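Taking it in order: structure first as structure tokens, then the write-up.
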Amino acid sequence: MTRSTTQAPTAPGGFPVVGIIGAGQLARMCTAPAVELALTLSIFAESEDAAAALVVPHSPVGDYTDPEAVREWARGCDVVTFDHEHVPADVLSALEADGVPMHPKPSALRFAQDKLAMRERLEGLGVPCPAWRAVVDVDELAAFGDEHGWPVVLKTPTGGYDGKGVRVVKAAEDAADWFAKAEGAPLLVEEAVDFTRELSVMIGRSPSGQVAVWPVVETVQTDGICTEVLAPAPNLDDALAGRVAEAAVTIARELDVTGVMAVELFERVAENGSGQSDFVVNELAMRPHNSGHWSMDGAVTGQFEQHLRAVLDLPLGDVTARAPWTVMGNVIGGSYEELYPTYKHLMARDPALKIHLYGKGVRPGRKIGHVNVSGTDLVGLRGRARHACDYLEGVVTE
């Protein structure tokens with residue numbers, strides 16, 4: 001440890017300390033709602049200049065894979081939650097043995113950490129999933145591809161995010177290097193879903209079992225990174241939206257997820273020949289998520305406030321949209337290293353634009369912020385969000 005892990009100071013009146021493992025942008029964006037709720041955050045940070053550590057006074061630095069370091073820090077927290085899903089099982093077990101309340105619980109978090117466990121559990125619940133299989137060598141991969149068609153999608157079961165740990169494979173031999181690196185451990189192969197678009201739905205669930213589901217949104221991906229979210233998803237059939245929400249509730253309830261969870265989906269043409277749409281679940285994220293950033297400005301209760309409410313078992317907030325449409329645009333690292341000077345131009349050009357930057361150094365391909373804009377004209381909103389992102393990335397200069 002390079003900072004003291006003594007008890008974080010709290011507000012008078014018995015308000016709790018919420019501990020967050022990881023100091024990324026998700027932990028950072030919990031700060032504003034924590035202030036409004038009079039809560040104290042304690043961040044177990046990976047470095048002193050990590051995104052959340054820059055704005056949260058009590059951010060001791062340590063190694064989240066070190067059980068004793070995490071245990072020491074957690075003694076000063078009333079509840080612990082997570083900025084990411086990569087906390088090792090032995091650390092989670094140590095906290096559980098100490099009686100530290102964690103949300104989500106380790107028993108639920110494993111289904112976000114291990115894609116093979118997730119696929120098996122969802123299939124058992126009857127939740128629509130792509131065809132999948134655990135494979136340990138090129139021959140098993142070839143058999144799956146021959147059965148379900150090429151190309152296929154190969155994934156590392158653990159550790160992947162933002163397109164990392166995912167490969168589209170056109171022939172089994174192309175994945176020989178991955179199998180060699182896995183050293184006999186199974187990989188996950190899935191059919192390459194012929195989808196019409198990608199969707200996501202955010203759900204909050206408290207330990208008491210209360211749930212709240214935001215509108216289903218459309219997500220637009222570029223090189224494996226979500227670059228735009230349209231809330232709600234345009235032209236989504238009400239019945240399909242209802243089934244998506246029902247699936248999210250089933251997953252949260254049956255996996256005993258507490259906090260906020262994202263369910264990422266593929267919408268596709270139903271295979272029954274009806275011409276209607278259905279969906280399959282792609283991924284789960286048991287934390288606030290990129291596809292829910294729109295809710296910070298576009299819903300009565302944003303995902304970060306809801307996550308804090310949920311992990312403390314407070315009554316959940318209203319998730320009704322504030323406007324007919326909200327568009328979120330992701331800001332990816334570009335040519336500008338100094339981002340603050342760009343504020344003046346964007347604020348003057350579009351006073352209704354909401355800019356959220358994460359306090360991270362600019363690096364090509366890195367998520368460094370997002371913008372939200374709400375209103376009644378979806379086409380216009382998309383143009384405004386795109387311009388703002390392009391300006392922050394240096395793609396346009398006016």
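Chain labels follow the order of the structure tokens: the first chain is A, the next B, and so on; residue numbering restarts at 1 in every chain, and ligands are counted from 1 in their shown order.
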I'd like the contact shell of stretch 240-244 of chain A - 12 Å cut-off, only C-alpha atoms, skipping same-chain residues fewer than 5 positions apart - returned as a ChimeraX atom specification. /A:127-128,199-203,213-218,232-235,249-251,262-270,276-281
Env of stretch 308-316 of chain A: 7 Å cut, atoms = only C-alpha atoms, seq-sep filter 5 positions within chain, self excluded. Answer as a PyMOL selection string. chain A and resi 103+204-208+212+258-259
Give the helix (DSSP H, G or I) residues of stretch 121-305 of chain A, as assigned by DSSP on the backbone, as JSON, numbers by chain. {"A": [121, 122, 123, 124, 125, 138, 139, 140, 141, 142, 143, 144, 145, 146, 147, 148, 172, 173, 174, 175, 176, 177, 178, 179, 180, 181, 182, 238, 239, 240, 241, 242, 243, 244, 245, 246, 247, 248, 249, 250, 251, 252, 253, 254, 290, 291, 292, 295, 296, 297, 298, 303, 304, 305]}
Counting only C-alpha atoms, the option among A:Ala89, A:Val211, A:Leu230, A:Ala285 closest to A:Ser374: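 Answer, going by the shortest atom-to-atom distance: A:Leu230.
Between A:Val331 and the residues A:Ala299, A:Ala180, A:Ile368, A:Leu381, the shortest atom-to-atom distance, using only C-alpha atoms, involves A:Ile368.
Each of A:Val153, A:Leu378, A:Val166, A:Leu284 was compared to A:Glu191 using only C-alpha atoms, and A:Val153 turns out to be the nearest.
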Contacts of A:Ala97 at 12 Å or less, counting only C-alpha atoms, minus same-chain residues fewer than 5 places along, as a list of chain:residue names?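 Near A:Ala97, the qualifying residues are A:Pro67, A:Arg71, A:Asp90, A:Val91, A:Leu92, A:Met102, A:Pro106.
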Run DSSP on the backbone and give me the residues of stretch 307-345 of chain A it puts in strand (DSSP E or B), as a count of residues only. 9
Distance of atom CA of A:Ala245 from atom CA of A:Val379, expressed in Å to one decimal place: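 Rounded to one decimal, the two atoms are 25.8 Å apart.
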Just how far from atom CA of A:Leu392 is atom CA of A:Thr342, in Å to one decimal?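 The value is 6.5 Å.
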Can you work out which one of A:Ala117, A:Met296, A:Leu353, A:Ala175 has the shortest atom-to-atom distance to A:Ala134, counting only C-alpha atoms?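 Under the stated criterion, the closest residue is A:Ala117.
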Within 10 Å of A:Glu173 using only C-alpha atoms, minus same-chain residues under 5 positions, as a PyMOL selection string: chain A and resi 137-139+141-142+179
Neighbour list for A:Asn372 as an mmCIF file with all heavy atoms, in the first residue's frame, cut-off 6 Å, only C-alpha atoms, skip fewer than 6 positions in-chain:
```
data_model
loop_
_atom_site.group_PDB
_atom_site.id
_atom_site.type_symbol
_atom_site.label_atom_id
_atom_site.label_comp_id
_atom_site.auth_asym_id
_atom_site.auth_seq_id
_atom_site.Cartn_x
_atom_site.Cartn_y
_atom_site.Cartn_z
ATOM 1 N N VAL A 327 -29.303 10.238 -27.259
ATOM 2 C CA VAL A 327 -28.202 9.618 -27.998
ATOM 3 C C VAL A 327 -26.928 9.796 -27.192
ATOM 4 O O VAL A 327 -26.603 10.900 -26.747
ATOM 5 C CB VAL A 327 -28.036 10.242 -29.397
ATOM 6 C CG1 VAL A 327 -26.802 9.661 -30.105
ATOM 7 C CG2 VAL A 327 -29.286 9.995 -30.242
ATOM 8 N N MET A 328 -26.222 8.697 -26.993
ATOM 9 C CA MET A 328 -24.911 8.719 -26.353
ATOM 10 C C MET A 328 -23.853 8.454 -27.409
ATOM 11 O O MET A 328 -23.974 7.514 -28.199
ATOM 12 C CB MET A 328 -24.819 7.658 -25.255
ATOM 13 C CG MET A 328 -23.549 7.710 -24.393
ATOM 14 S SD MET A 328 -22.053 7.001 -25.132
ATOM 15 C CE MET A 328 -22.459 5.260 -25.179
ATOM 16 N N LYS A 354 -24.326 17.371 -23.089
ATOM 17 C CA LYS A 354 -23.730 16.978 -21.817
ATOM 18 C C LYS A 354 -22.436 16.226 -22.109
ATOM 19 O O LYS A 354 -22.440 15.182 -22.780
ATOM 20 C CB LYS A 354 -24.689 16.101 -21.008
ATOM 21 C CG LYS A 354 -25.988 16.797 -20.625
ATOM 22 C CD LYS A 354 -25.741 17.972 -19.692
ATOM 23 C CE LYS A 354 -27.048 18.588 -19.216
ATOM 24 N NZ LYS A 354 -26.818 19.745 -18.320
#
```
Mind checking which residues fall within 8 Å of A:Val152, counting only C-alpha atoms, ignoring those fewer than 2 positions away in the same chain, and posting them as a PyMOL selection string? chain A and resi 145+149-150+154+168-170+189-192
Preceding selection exported with N, CA and C atoms as a PDB file, in the first residue's frame:
```
ATOM      1  N   GLY A 145     -17.663 -25.845 -36.425  1.00  0.00           N
ATOM      2  CA  GLY A 145     -17.822 -25.008 -37.609  1.00  0.00           C
ATOM      3  C   GLY A 145     -18.503 -25.738 -38.743  1.00  0.00           C
ATOM      4  N   GLY A 149     -21.689 -23.860 -39.471  1.00  0.00           N
ATOM      5  CA  GLY A 149     -21.307 -22.948 -40.541  1.00  0.00           C
ATOM      6  C   GLY A 149     -20.161 -22.037 -40.156  1.00  0.00           C
ATOM      7  N   TRP A 150     -19.372 -21.697 -41.182  1.00  0.00           N
ATOM      8  CA  TRP A 150     -18.236 -20.795 -40.999  1.00  0.00           C
ATOM      9  C   TRP A 150     -18.593 -19.414 -41.533  1.00  0.00           C
ATOM     10  N   LEU A 154     -14.758 -17.252 -31.816  1.00  0.00           N
ATOM     11  CA  LEU A 154     -14.016 -17.918 -30.754  1.00  0.00           C
ATOM     12  C   LEU A 154     -13.714 -16.898 -29.656  1.00  0.00           C
ATOM     13  N   VAL A 168     -12.999 -13.738 -34.817  1.00  0.00           N
ATOM     14  CA  VAL A 168     -13.810 -14.372 -35.855  1.00  0.00           C
ATOM     15  C   VAL A 168     -12.893 -15.298 -36.650  1.00  0.00           C
ATOM     16  N   VAL A 169     -13.251 -16.580 -36.668  1.00  0.00           N
ATOM     17  CA  VAL A 169     -12.395 -17.608 -37.252  1.00  0.00           C
ATOM     18  C   VAL A 169     -13.061 -18.181 -38.499  1.00  0.00           C
ATOM     19  N   LYS A 170     -12.341 -18.150 -39.620  1.00  0.00           N
ATOM     20  CA  LYS A 170     -12.878 -18.659 -40.885  1.00  0.00           C
ATOM     21  C   LYS A 170     -12.486 -20.109 -41.149  1.00  0.00           C
ATOM     22  N   VAL A 189     -16.624 -21.441 -28.311  1.00  0.00           N
ATOM     23  CA  VAL A 189     -16.929 -21.141 -29.709  1.00  0.00           C
ATOM     24  C   VAL A 189     -18.429 -20.956 -29.836  1.00  0.00           C
ATOM     25  N   GLU A 190     -18.815 -19.965 -30.618  1.00  0.00           N
ATOM     26  CA  GLU A 190     -20.230 -19.663 -30.850  1.00  0.00           C
ATOM     27  C   GLU A 190     -20.475 -19.500 -32.340  1.00  0.00           C
ATOM     28  N   GLU A 191     -21.708 -19.749 -32.732  1.00  0.00           N
ATOM     29  CA  GLU A 191     -22.070 -19.446 -34.104  1.00  0.00           C
ATOM     30  C   GLU A 191     -21.944 -17.943 -34.346  1.00  0.00           C
ATOM     31  N   ALA A 192     -21.606 -17.565 -35.550  1.00  0.00           N
ATOM     32  CA  ALA A 192     -21.598 -16.158 -35.924  1.00  0.00           C
ATOM     33  C   ALA A 192     -23.039 -15.763 -36.243  1.00  0.00           C
TER      34      ALA A 192
END
```
Using only C-alpha atoms, find the one residue out of A:Asp66, A:Pro16, A:Met261, A:Gly24 that sits nearest to A:Glu48.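 Ranked by minimum distance to A:Glu48, first place goes to A:Gly24.
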Using only C-alpha atoms, can you tell me which of A:Ala182, A:Met29, A:Val136, A:Ala171 comes closest to A:Leu357?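 Comparing A:Ala182, A:Met29, A:Val136, A:Ala171 against A:Leu357, the winner is A:Met29.
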What does the distance between atom CA of A:Glu198 and atom CA of A:Phe111 come to in Å, to one decimal place?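 Interatomic distance here is 20.9 Å.
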With only C-alpha atoms as the counted atoms, please give the residues lying no more than 8 Å from A:Pro57, apart from itself and same-chain residues fewer than 3 positions off, as a PyMOL selection string. chain A and resi 42+53-54
